[in-house]
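Trainee: One file is attached below, model-v2.pdb, containing PDB, C-alpha atoms and all ligand atoms.
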ATOM      1  CA  MET A   1     -10.105   4.402  30.967
ATOM      2  CA  LYS A   2      -7.036   3.287  28.985
ATOM      3  CA  GLU A   3      -8.354   5.439  26.105
ATOM      4  CA  LYS A   4      -8.745   8.434  28.418
ATOM      5  CA  VAL A   5      -5.154   8.142  29.670
ATOM      6  CA  LEU A   6      -3.885   7.742  26.130
ATOM      7  CA  ASN A   7      -5.775  10.777  24.873
ATOM      8  CA  PHE A   8      -4.696  12.806  27.881
ATOM      9  CA  LEU A   9      -1.055  11.978  27.175
ATOM     10  CA  TYR A  10      -1.534  12.759  23.499
ATOM     11  CA  GLU A  11      -2.956  16.206  24.248
ATOM     12  CA  LYS A  12      -0.630  17.138  27.109
ATOM     13  CA  LYS A  13       2.643  15.843  25.610
ATOM     14  CA  GLU A  14       4.359  15.221  28.992
ATOM     15  CA  VAL A  15       2.666  14.790  32.385
ATOM     16  CA  SER A  16       3.364  13.484  35.863
ATOM     17  CA  LYS A  17       1.571  10.568  37.467
ATOM     18  CA  LYS A  18       0.131  12.963  40.047
ATOM     19  CA  ASP A  19      -1.444  15.152  37.348
ATOM     20  CA  ILE A  20      -2.915  12.245  35.408
ATOM     21  CA  VAL A  21      -4.387  10.627  38.496
ATOM     22  CA  SER A  22      -5.955  13.826  39.757
ATOM     23  CA  GLU A  23      -7.183  15.158  36.364
ATOM     24  CA  LEU A  24      -8.763  11.864  35.355
ATOM     25  CA  GLY A  25      -9.972  10.924  38.800
ATOM     26  CA  ILE A  26      -8.478   7.429  38.876
ATOM     27  CA  ASP A  27      -6.727   5.666  41.716
ATOM     28  CA  GLU A  28      -3.031   4.874  41.599
ATOM     29  CA  LYS A  29      -3.545   1.093  41.313
ATOM     30  CA  GLU A  30      -5.700   1.499  38.223
ATOM     31  CA  PHE A  31      -3.175   3.982  36.821
ATOM     32  CA  ASP A  32      -0.331   1.457  37.252
ATOM     33  CA  LYS A  33      -2.344  -1.232  35.462
ATOM     34  CA  ILE A  34      -3.073   1.085  32.513
ATOM     35  CA  ILE A  35       0.558   2.182  32.286
ATOM     36  CA  GLU A  36       1.614  -1.474  32.179
ATOM     37  CA  LYS A  37      -0.663  -1.978  29.130
ATOM     38  CA  LEU A  38       0.575   1.178  27.407
ATOM     39  CA  LYS A  39       4.240   0.806  28.258
ATOM     40  CA  ASN A  40       5.337   0.023  24.682
ATOM     41  CA  TYR A  41       4.071   3.423  23.605
ATOM     42  CA  LEU A  42       5.555   5.434  26.485
ATOM     43  CA  LYS A  43       8.739   7.128  27.535
ATOM     44  CA  ILE A  44       8.945   7.342  31.319
ATOM     45  CA  HIS A  45      11.502   9.594  32.919
ATOM     46  CA  LYS A  46      11.549  10.587  36.586
ATOM     47  CA  ASP A  47       7.802  10.215  37.085
ATOM     48  CA  LYS A  48       7.044  12.077  33.834
ATOM     49  CA  TYR A  49       5.071  10.202  31.193
ATOM     50  CA  LYS A  50       5.293  10.962  27.500
ATOM     51  CA  LEU A  51       4.099   9.214  24.336
ATOM     52  CA  LYS A  52       6.892   7.928  22.142
ATOM     53  CA  ASN A  53       6.810   9.221  18.582
ATOM     54  CA  SER A  54       3.299  10.568  19.076
ATOM     55  CA  HIS A  55       3.016  12.000  15.523
ATOM     56  CA  ASN A  56       3.094   8.495  14.130
ATOM     57  CA  LEU A  57       0.647   6.933  16.586
ATOM     58  CA  LEU A  58      -2.483   5.531  14.972
ATOM     59  CA  LEU A  59      -4.111   3.678  17.826
ATOM     60  CA  PRO A  60      -7.857   3.024  17.424
ATOM     61  CA  SER A  61      -8.799   4.741  20.696
ATOM     62  CA  LEU A  62      -7.020   7.894  19.615
ATOM     63  CA  ILE A  63      -8.637   7.763  16.192
ATOM     64  CA  LYS A  64     -12.108   7.206  17.628
ATOM     65  CA  SER A  65     -11.797  10.211  19.902
ATOM     66  CA  LYS A  66     -11.204  12.447  16.859
ATOM     67  CA  LEU A  67     -13.380  10.763  14.257
ATOM     68  CA  LYS A  68     -16.282  12.778  12.790
ATOM     69  CA  THR A  69     -17.829  10.020  10.667
ATOM     70  CA  ASN A  70     -21.014   7.998  11.152
ATOM     71  CA  TYR A  71     -19.806   4.614   9.944
ATOM     72  CA  ILE A  72     -16.546   4.829   7.977
ATOM     73  CA  GLY A  73     -13.727   3.875  10.361
ATOM     74  CA  ARG A  74     -16.022   3.303  13.348
ATOM     75  CA  ASN A  75     -14.801  -0.281  13.400
ATOM     76  CA  ILE A  76     -11.010  -0.553  13.217
ATOM     77  CA  TYR A  77      -8.663  -3.519  12.929
ATOM     78  CA  TYR A  78      -5.272  -2.132  13.851
ATOM     79  CA  PHE A  79      -1.919  -3.892  13.374
ATOM     80  CA  ASP A  80       1.561  -2.728  14.310
ATOM     81  CA  ILE A  81       2.702  -4.897  11.439
ATOM     82  CA  VAL A  82       0.742  -6.807   8.793
ATOM     83  CA  ASP A  83       1.401  -8.254   5.331
ATOM     84  CA  SER A  84      -1.113  -6.063   3.474
ATOM     85  CA  THR A  85      -4.159  -4.237   4.800
ATOM     86  CA  ASN A  86      -5.978  -5.035   1.529
ATOM     87  CA  LEU A  87      -5.388  -8.772   2.014
ATOM     88  CA  THR A  88      -6.548  -8.603   5.636
ATOM     89  CA  ALA A  89      -9.627  -6.566   4.695
ATOM     90  CA  LYS A  90     -10.496  -9.120   2.001
ATOM     91  CA  LYS A  91     -10.376 -11.969   4.560
ATOM     92  CA  LEU A  92     -12.598  -9.964   6.906
ATOM     93  CA  ALA A  93     -15.074  -9.097   4.152
ATOM     94  CA  GLU A  94     -15.268 -12.772   3.167
ATOM     95  CA  LYS A  95     -16.333 -13.507   6.734
ATOM     96  CA  GLY A  96     -19.095 -10.909   6.504
ATOM     97  CA  GLU A  97     -17.445  -7.842   8.051
ATOM     98  CA  GLU A  98     -19.696  -4.802   7.746
ATOM     99  CA  GLU A  99     -19.417  -1.796   5.442
ATOM    100  CA  GLY A 100     -17.180   0.972   6.737
ATOM    101  CA  THR A 101     -14.783  -1.231   8.710
ATOM    102  CA  ILE A 102     -11.172  -0.259   8.147
ATOM    103  CA  VAL A 103      -7.917  -2.152   8.468
ATOM    104  CA  LEU A 104      -4.971  -0.059   9.479
ATOM    105  CA  ALA A 105      -1.286  -0.878   9.895
ATOM    106  CA  GLN A 106       1.766   0.952  11.083
ATOM    107  CA  VAL A 107       3.966  -1.143   8.784
ATOM    108  CA  GLN A 108       3.115  -3.450   5.864
ATOM    109  CA  THR A 109       5.545  -6.185   4.893
ATOM    110  CA  ARG A 110       3.813  -6.999   1.600
ATOM    111  CA  GLY A 111       2.096  -3.743   0.691
ATOM    112  CA  ARG A 112       0.770  -4.023  -2.855
ATOM    113  CA  GLY A 113       0.272  -1.415  -5.519
ATOM    114  CA  ARG A 114      -1.387  -1.589  -8.911
ATOM    115  CA  GLU A 115      -0.091  -4.112 -11.447
ATOM    116  CA  ASN A 116       1.083  -6.207  -8.497
ATOM    117  CA  LYS A 117       3.938  -3.831  -7.794
ATOM    118  CA  GLU A 118       5.367  -3.620  -4.304
ATOM    119  CA  TRP A 119       4.133  -0.699  -2.190
ATOM    120  CA  ILE A 120       6.816   0.394   0.266
ATOM    121  CA  SER A 121       5.098   0.858   3.641
ATOM    122  CA  PRO A 122       7.423   1.886   6.485
ATOM    123  CA  LYS A 123       6.399   3.574   9.741
ATOM    124  CA  GLY A 124       5.091   7.103   9.257
ATOM    125  CA  GLY A 125       2.569   6.487   6.478
ATOM    126  CA  ILE A 126      -1.162   5.961   6.401
ATOM    127  CA  TRP A 127      -1.728   2.404   5.146
ATOM    128  CA  THR A 128      -5.381   1.592   5.314
ATOM    129  CA  SER A 129      -8.114  -0.414   3.581
ATOM    130  CA  ILE A 130     -11.823   0.322   3.742
ATOM    131  CA  ILE A 131     -14.489  -2.365   3.297
ATOM    132  CA  LEU A 132     -17.449  -1.176   1.204
ATOM    133  CA  LYS A 133     -20.639  -2.889   0.082
ATOM    134  CA  PRO A 134     -22.288  -0.488  -2.357
ATOM    135  CA  ASP A 135     -25.384  -1.588  -4.200
ATOM    136  CA  ILE A 136     -24.044  -0.807  -7.693
ATOM    137  CA  PRO A 137     -23.384  -2.803 -10.865
ATOM    138  CA  ALA A 138     -19.956  -4.483 -10.770
ATOM    139  CA  VAL A 139     -18.850  -2.512 -13.873
ATOM    140  CA  ASN A 140     -19.100   0.733 -11.886
ATOM    141  CA  ALA A 141     -16.649  -0.365  -9.195
ATOM    142  CA  PRO A 142     -13.658   1.471 -10.805
ATOM    143  CA  GLN A 143     -15.521   4.751 -10.169
ATOM    144  CA  ILE A 144     -14.734   4.185  -6.486
ATOM    145  CA  THR A 145     -11.044   4.759  -7.248
ATOM    146  CA  LEU A 146     -11.747   8.186  -8.712
ATOM    147  CA  MET A 147     -14.052   8.992  -5.837
ATOM    148  CA  THR A 148     -11.341   8.042  -3.333
ATOM    149  CA  ALA A 149      -8.757  10.196  -5.105
ATOM    150  CA  VAL A 150     -11.141  13.148  -4.696
ATOM    151  CA  ALA A 151     -11.435  12.443  -0.962
ATOM    152  CA  VAL A 152      -7.643  12.225  -0.492
ATOM    153  CA  ALA A 153      -6.936  15.333  -2.578
ATOM    154  CA  LYS A 154      -9.588  17.370  -0.737
ATOM    155  CA  THR A 155      -8.177  16.253   2.609
ATOM    156  CA  LEU A 156      -4.610  17.227   1.768
ATOM    157  CA  LYS A 157      -5.690  20.561   0.262
ATOM    158  CA  LYS A 158      -7.759  21.378   3.332
ATOM    159  CA  LEU A 159      -5.048  20.482   5.851
ATOM    160  CA  PHE A 160      -2.001  21.764   3.968
ATOM    161  CA  LYS A 161      -3.217  24.838   2.134
ATOM    162  CA  ASN A 162       0.125  25.781   0.595
ATOM    163  CA  LEU A 163       0.744  22.482  -1.128
ATOM    164  CA  ASP A 164       0.018  22.076  -4.839
ATOM    165  CA  VAL A 165      -2.198  18.975  -4.545
ATOM    166  CA  GLY A 166      -3.858  17.359  -7.560
ATOM    167  CA  ILE A 167      -4.941  14.054  -9.062
ATOM    168  CA  LYS A 168      -3.201  12.084 -11.772
ATOM    169  CA  TRP A 169      -5.557   9.798 -13.703
ATOM    170  CA  PRO A 170      -6.749   7.375 -12.556
ATOM    171  CA  ASN A 171      -5.625   6.888  -9.014
ATOM    172  CA  ASP A 172      -2.603   8.874  -7.876
ATOM    173  CA  VAL A 173      -2.598  11.972  -5.753
ATOM    174  CA  LEU A 174       0.321  14.256  -6.484
ATOM    175  CA  ILE A 175       2.030  17.218  -4.889
ATOM    176  CA  GLY A 176       3.549  19.216  -7.743
ATOM    177  CA  ASN A 177       4.421  16.369 -10.094
ATOM    178  CA  LYS A 178       5.372  13.846  -7.417
ATOM    179  CA  LYS A 179       3.236  11.044  -6.074
ATOM    180  CA  VAL A 180       2.169  11.274  -2.428
ATOM    181  CA  CYS A 181      -0.686   8.731  -2.459
ATOM    182  CA  GLY A 182      -1.736   5.611  -4.321
ATOM    183  CA  ILE A 183      -5.109   3.862  -4.318
ATOM    184  CA  LEU A 184      -5.733   0.187  -4.958
ATOM    185  CA  THR A 185      -9.416  -0.690  -5.375
ATOM    186  CA  GLU A 186     -10.191  -4.390  -5.496
ATOM    187  CA  SER A 187     -13.741  -5.541  -6.091
ATOM    188  CA  TYR A 188     -15.205  -8.990  -5.674
ATOM    189  CA  SER A 189     -18.371 -10.068  -7.401
ATOM    190  CA  ARG A 190     -20.440 -13.214  -7.736
ATOM    191  CA  ASN A 191     -22.641 -13.629 -10.788
ATOM    192  CA  GLU A 192     -22.148 -10.003 -11.872
ATOM    193  CA  SER A 193     -23.350  -8.698  -8.557
ATOM    194  CA  LEU A 194     -20.865  -6.873  -6.410
ATOM    195  CA  GLU A 195     -20.191  -8.588  -3.079
ATOM    196  CA  TYR A 196     -17.774  -6.084  -1.631
ATOM    197  CA  VAL A 197     -15.049  -3.625  -2.535
ATOM    198  CA  ILE A 198     -11.758  -3.079  -0.744
ATOM    199  CA  VAL A 199     -10.340   0.411  -1.157
ATOM    200  CA  GLY A 200      -6.661   0.460  -0.196
ATOM    201  CA  VAL A 201      -5.123   3.857   0.382
ATOM    202  CA  GLY A 202      -1.444   4.577   0.972
ATOM    203  CA  ILE A 203      -0.411   8.139   1.836
ATOM    204  CA  ASP A 204       3.236   9.016   2.419
ATOM    205  CA  ILE A 205       2.982  11.354   5.370
ATOM    206  CA  ASN A 206       5.996  11.252   7.746
ATOM    207  CA  VAL A 207       7.995   9.055   5.421
ATOM    208  CA  ASP A 208      11.606   9.653   4.359
ATOM    209  CA  ILE A 209      11.601   9.306   0.602
ATOM    210  CA  ASN A 210      15.357   8.725   0.590
ATOM    211  CA  SER A 211      14.708   5.425   2.365
ATOM    212  CA  PHE A 212      12.915   4.229  -0.822
ATOM    213  CA  PRO A 213      14.704   2.314  -3.593
ATOM    214  CA  ILE A 214      16.594   4.828  -5.711
ATOM    215  CA  GLU A 215      14.407   4.301  -8.810
ATOM    216  CA  LEU A 216      11.292   5.383  -6.862
ATOM    217  CA  GLN A 217      12.777   8.402  -5.159
ATOM    218  CA  GLU A 218      12.534  10.873  -8.008
ATOM    219  CA  GLY A 219       8.806  10.452  -8.609
ATOM    220  CA  ALA A 220       7.730  10.286  -4.968
ATOM    221  CA  THR A 221       7.222  12.732  -2.156
ATOM    222  CA  SER A 222       5.748  12.841   1.334
ATOM    223  CA  ILE A 223       4.079  15.490   3.446
ATOM    224  CA  LYS A 224       7.159  15.580   5.683
ATOM    225  CA  GLU A 225       9.361  16.129   2.648
ATOM    226  CA  GLU A 226       7.146  18.975   1.407
ATOM    227  CA  LEU A 227       6.641  20.740   4.743
ATOM    228  CA  GLY A 228      10.033  20.005   6.298
ATOM    229  CA  LYS A 229       8.324  18.686   9.442
ATOM    230  CA  GLU A 230       6.231  15.787  10.676
ATOM    231  CA  VAL A 231       2.463  16.018  11.098
ATOM    232  CA  PRO A 232       0.145  13.899  13.301
ATOM    233  CA  LEU A 233      -1.050  10.894  11.279
ATOM    234  CA  VAL A 234      -4.218  10.635  13.310
ATOM    235  CA  ASP A 235      -5.376  14.111  12.194
ATOM    236  CA  VAL A 236      -4.837  13.322   8.524
ATOM    237  CA  LEU A 237      -6.517   9.922   8.799
ATOM    238  CA  CYS A 238      -9.594  11.293  10.579
ATOM    239  CA  GLU A 239     -10.008  14.110   8.075
ATOM    240  CA  PHE A 240      -9.605  11.681   5.196
ATOM    241  CA  LEU A 241     -12.223   9.277   6.596
ATOM    242  CA  TYR A 242     -14.585  12.226   7.034
ATOM    243  CA  GLU A 243     -14.094  13.430   3.438
ATOM    244  CA  PHE A 244     -14.351   9.842   2.243
ATOM    245  CA  GLU A 245     -17.691   9.261   3.954
ATOM    246  CA  LYS A 246     -19.092  12.482   2.477
ATOM    247  CA  VAL A 247     -18.077  11.651  -1.076
ATOM    248  CA  TYR A 248     -19.136   7.996  -0.700
ATOM    249  CA  GLU A 249     -22.595   9.069   0.434
ATOM    250  CA  LYS A 250     -22.834  11.206  -2.735
ATOM    251  CA  PHE A 251     -21.679   8.230  -4.768
ATOM    252  CA  LYS A 252     -24.307   5.933  -3.249
ATOM    253  CA  ALA A 253     -26.960   8.566  -3.925
ATOM    254  CA  GLY A 254     -26.138   8.212  -7.657
ATOM    255  CA  LYS A 255     -24.318  11.550  -7.894
ATOM    256  CA  PHE A 256     -21.136  10.320  -9.563
ATOM    257  CA  GLN A 257     -21.340  13.161 -12.101
ATOM    258  CA  GLU A 258     -20.994  15.694  -9.263
ATOM    259  CA  ILE A 259     -17.955  13.817  -7.998
ATOM    260  CA  LEU A 260     -16.471  13.797 -11.493
ATOM    261  CA  LYS A 261     -16.870  17.564 -11.618
ATOM    262  CA  GLU A 262     -14.733  17.798  -8.489
ATOM    263  CA  TRP A 263     -12.306  15.260  -9.952
ATOM    264  CA  ARG A 264     -11.908  17.376 -13.099
ATOM    265  CA  ALA A 265     -11.255  20.495 -11.049
ATOM    266  CA  LEU A 266      -8.546  18.653  -9.084
ATOM    267  CA  SER A 267      -7.049  16.888 -12.090
ATOM    268  CA  LYS A 268      -3.441  17.471 -13.084
ATOM    269  CA  THR A 269      -3.833  15.138 -16.044
ATOM    270  CA  ILE A 270      -6.430  17.034 -18.070
ATOM    271  CA  GLY A 271      -4.639  19.522 -20.283
ATOM    272  CA  SER A 272      -1.328  17.635 -20.127
ATOM    273  CA  TYR A 273       0.377  15.706 -22.895
ATOM    274  CA  VAL A 274       0.610  12.160 -21.540
ATOM    275  CA  GLU A 275       1.746   8.660 -22.367
ATOM    276  CA  ILE A 276      -0.412   5.703 -21.396
ATOM    277  CA  ARG A 277       1.443   2.452 -20.841
ATOM    278  CA  LYS A 278      -0.733  -0.564 -21.473
ATOM    279  CA  LYS A 279      -0.005  -4.261 -21.067
ATOM    280  CA  PHE A 280       2.537  -5.952 -23.379
ATOM    281  CA  GLY A 281       4.557  -2.757 -23.827
ATOM    282  CA  LYS A 282       1.833  -0.907 -25.790
ATOM    283  CA  ARG A 283       2.051   2.884 -25.492
ATOM    284  CA  ILE A 284      -0.423   5.565 -26.502
ATOM    285  CA  ARG A 285       0.440   9.275 -26.525
ATOM    286  CA  GLY A 286      -1.760  12.297 -26.712
ATOM    287  CA  GLU A 287      -3.225  15.272 -24.940
ATOM    288  CA  ALA A 288      -5.618  14.392 -22.132
ATOM    289  CA  VAL A 289      -8.685  16.471 -22.943
ATOM    290  CA  GLY A 290     -11.207  15.095 -20.479
ATOM    291  CA  VAL A 291     -12.823  12.150 -18.758
ATOM    292  CA  THR A 292     -16.043  10.445 -19.844
ATOM    293  CA  LYS A 293     -19.043  10.180 -17.552
ATOM    294  CA  ASP A 294     -17.766   6.757 -16.460
ATOM    295  CA  GLY A 295     -14.302   8.067 -15.607
ATOM    296  CA  ALA A 296     -12.406   6.896 -18.719
ATOM    297  CA  LEU A 297      -9.656   9.251 -19.896
ATOM    298  CA  ILE A 298     -10.160  10.957 -23.286
ATOM    299  CA  LEU A 299      -6.959  11.432 -25.268
ATOM    300  CA  GLU A 300      -6.564  13.565 -28.351
ATOM    301  CA  LEU A 301      -4.037  11.593 -30.372
ATOM    302  CA  ASP A 302      -1.350  13.283 -32.484
ATOM    303  CA  ASP A 303      -3.465  12.750 -35.622
ATOM    304  CA  GLY A 304      -6.439  14.522 -34.002
ATOM    305  CA  ARG A 305      -8.521  11.403 -33.284
ATOM    306  CA  LEU A 306     -10.107  11.047 -29.843
ATOM    307  CA  LYS A 307      -9.523   7.823 -27.903
ATOM    308  CA  LYS A 308     -11.068   6.586 -24.674
ATOM    309  CA  ILE A 309      -8.664   4.978 -22.246
ATOM    310  CA  PHE A 310     -10.169   2.728 -19.609
ATOM    311  CA  SER A 311      -6.991   1.538 -17.894
ATOM    312  CA  GLY A 312      -3.221   1.825 -17.946
ATOM    313  CA  ALA A 313      -0.397   3.669 -16.250
ATOM    314  CA  CYS A 314      -0.361   7.355 -17.059
ATOM    315  CA  ILE A 315       2.943   9.202 -17.452
ATOM    316  CA  HIS A 316       2.772  13.004 -17.506
TER     317      HIS A 316
HETATM  318  C1  LIG B 401      -0.680   2.266  -6.369
HETATM  319  O1  LIG B 401      -0.509   3.459  -6.552
HETATM  320  O2  LIG B 401      -0.084   1.441  -7.057
HETATM  321  C2  LIG B 401      -1.631   1.807  -5.297
HETATM  322  C3  LIG B 401      -0.978   1.718  -3.947
HETATM  323  C4  LIG B 401      -1.924   1.289  -2.845
HETATM  324  C5  LIG B 401      -1.224   1.075  -1.514
HETATM  325  C6  LIG B 401      -2.176   0.821  -0.387
HETATM  326  S1  LIG B 401      -1.395   0.896   1.193
HETATM  327  C7  LIG B 401      -2.811   0.227   1.961
HETATM  328  C8  LIG B 401      -3.341  -0.841   1.036
HETATM  329  N1  LIG B 401      -2.693  -2.108   1.287
HETATM  330  C9  LIG B 401      -1.974  -2.529   0.245
HETATM  331  O3  LIG B 401      -1.312  -3.584   0.223
HETATM  332  N2  LIG B 401      -2.048  -1.632  -0.741
HETATM  333  C10 LIG B 401      -2.900  -0.520  -0.411
END
Can you give me the file's structure in the form of structure tokens?
Ligand code: BTN

Mentor:
Amino acid sequence: MKEKVLNFLYEKKEVSKKDIVSELGIDEKEFDKIIEKLKNYLKIHKDKYKLKNSHNLLLPSLIKSKLKTNYIGRNIYYFDIVDSTNLTAKKLAEKGEEEGTIVLAQVQTRGRGRENKEWISPKGGIWTSIILKPDIPAVNAPQITLMTAVAVAKTLKKLFKNLDVGIKWPNDVLIGNKKVCGILTESYSRNESLEYVIVGVGIDINVDINSFPIELQEGATSIKEELGKEVPLVDVLCEFLYEFEKVYEKFKAGKFQEILKEWRALSKTIGSYVEIRKKFGKRIRGEAVGVTKDGALILELDDGRLKKIFSGACIH
């Protein structure tokens, strides 16, 4: 019943006790008990009840009422605040948590990006990690990053038709030339067999980019920044999980080449002159002319040679 009240408030914006009680057919005592449990999320003024900051609410009951998936996100561990959803998901996977479970947080205090960089995770973003257990060789795990980028890019394109959404190799989703989403895939194997994969996804939705450290501001954007208004996180999350499940099913059916086709069509990297920054300060420049069937970037170097790049930070 708590879920019903929550969803009712979410849909109706502001309602009186009388309306809730009569519409949902509950008695006043039960209503008072539910309100006591929900009070941190409510604004109550003269017998009118309203959800606080409803655009940024990501409560599991709300998500479940809008979710269109079969198994991705059907099991949710939600935290108002957590160190990192990837770390939490790893602990859960170690204990045998099933495929499709997600960890979700409103705020991360130790959000992590690639190369162990900090990932700023204030209220207003989607910070989530998905536990996967695909039956694939461990060497193919990086393909999951590309697959996830396709799911995020398709979601944002579908929901926000006017935005210029694309993918930067290997794992960033951009709007124009600014980053709106990062993906951190971490896989764990024993004796070359993959035990589980944690796919961490951070999407800057209702986030104020000017609250970021100055050096990150120029290259980053958020949906709020692009649209000039906030959007409901729960809608974006549910659509993303839906797109993710579809593309993951294709992936498990061995259709990675079909996914790569979509990746290529969404890519902002192919056709651009880029610089790849590798470890120990090594840099490689060239025109990105394609990706291999495993998802490695193909660069045409200045002297005309072709080079496969398997990892590194890509600067457009
Ligand atoms: C990157 O672009 O460097 C990857 C960023 C990944 C951030 C997400 S937010 C949810 C999950 N938890 C983490 O600590 N990191 C990932």

Trainee: Can you give me, as number ranges by chain, the residues this file yields under the PyMOL selection byres (((chain A and resi 278-295) around 10) and not hetatm)?

Mentor: A: 115, 139-140, 142-147, 169-170, 256-257, 260-261, 263-264, 267-277, 296-316

Trainee: Can you work out the spacing between CA of Gly25 in chain A and CA of Leu6 in chain A in Å, to one decimal?

Mentor: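 Distance between the two atoms: 14.4 Å.
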
Trainee: Please write as a ChimeraX atom specification the full residue list that the PyMOL selection byres (((chain A and resi 227-237) around 9) and not hetatm) yields on this file.

Mentor: /A:54-59,62-63,66-67,124-126,155-156,159-160,163,205-207,222-226,238-242

Trainee: Draw an axis-aligned box tight on the listed atoms of range 40-45 of chain A, then pad every side by 8 Å and write out centre and edge lengths in Å to one decimal as AutoDock Vina command-line options.

Mentor:
--center_x 7.8 --center_y 4.8 --center_z 28.3 --size_x 23.4 --size_y 25.6 --size_z 25.3

Trainee: What does the distance between CA of Lys2 in chain A and CA of Thr85 in chain A come to in Å, to one decimal place?

Mentor: 25.5 Å

Trainee: Is there a way to get, as a list in words, all residues within 9 Å of the point (8.5, -6.3, 4.3) in file coordinates, counting all atoms listed in the file?

Mentor: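 Here is the list of nearby residues: Val82, Asp83, Val107, Gln108, Thr109, Arg110, Gly111, Ile120, Ser121 and Pro122 of chain A.
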
Trainee: In Å, how far is it from CA of Ile198 in chain A to CA of Val165 in chain A?

Mentor: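 Taking CA of Ile198 in chain A and CA of Val165 in chain A, their separation equals 24.3 Å.
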
Trainee: Any chance you could resolve the PyMOL selection byres (((chain A and resi 183-188) around 8) and not hetatm) against this file and give the residues as a list in words?

Mentor: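 That selection, the PyMOL selection byres (((chain A and resi 183-188) around 8) and not hetatm), comes back as Gly113, Arg114, Ala138, Ala141, Pro142, Ile144, Thr145, Thr148, Ala149, Asn171, Asp172, Cys181, Gly182, Ser189, Arg190, Leu194, Glu195, Tyr196, Val197, Ile198, Val199, Gly200, Val201 and Gly202 of chain A.
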
Trainee: Could you tell me which of A:Leu174, A:Met1, A:Ala93, A:Leu38 comes closest to ligand LIG 401 (chain B) if we count only C-alpha atoms and all ligand atoms?

Mentor: A:Leu174

Trainee: Identify, on the basis of only C-alpha atoms, every residue whose closest approach to range 14-20 of chain A does not exceed 7 Å; exclude the query and any residue fewer than 6 positions from it along the same chain; express the result as a ChimeraX atom specification.

Mentor: /A:47-50
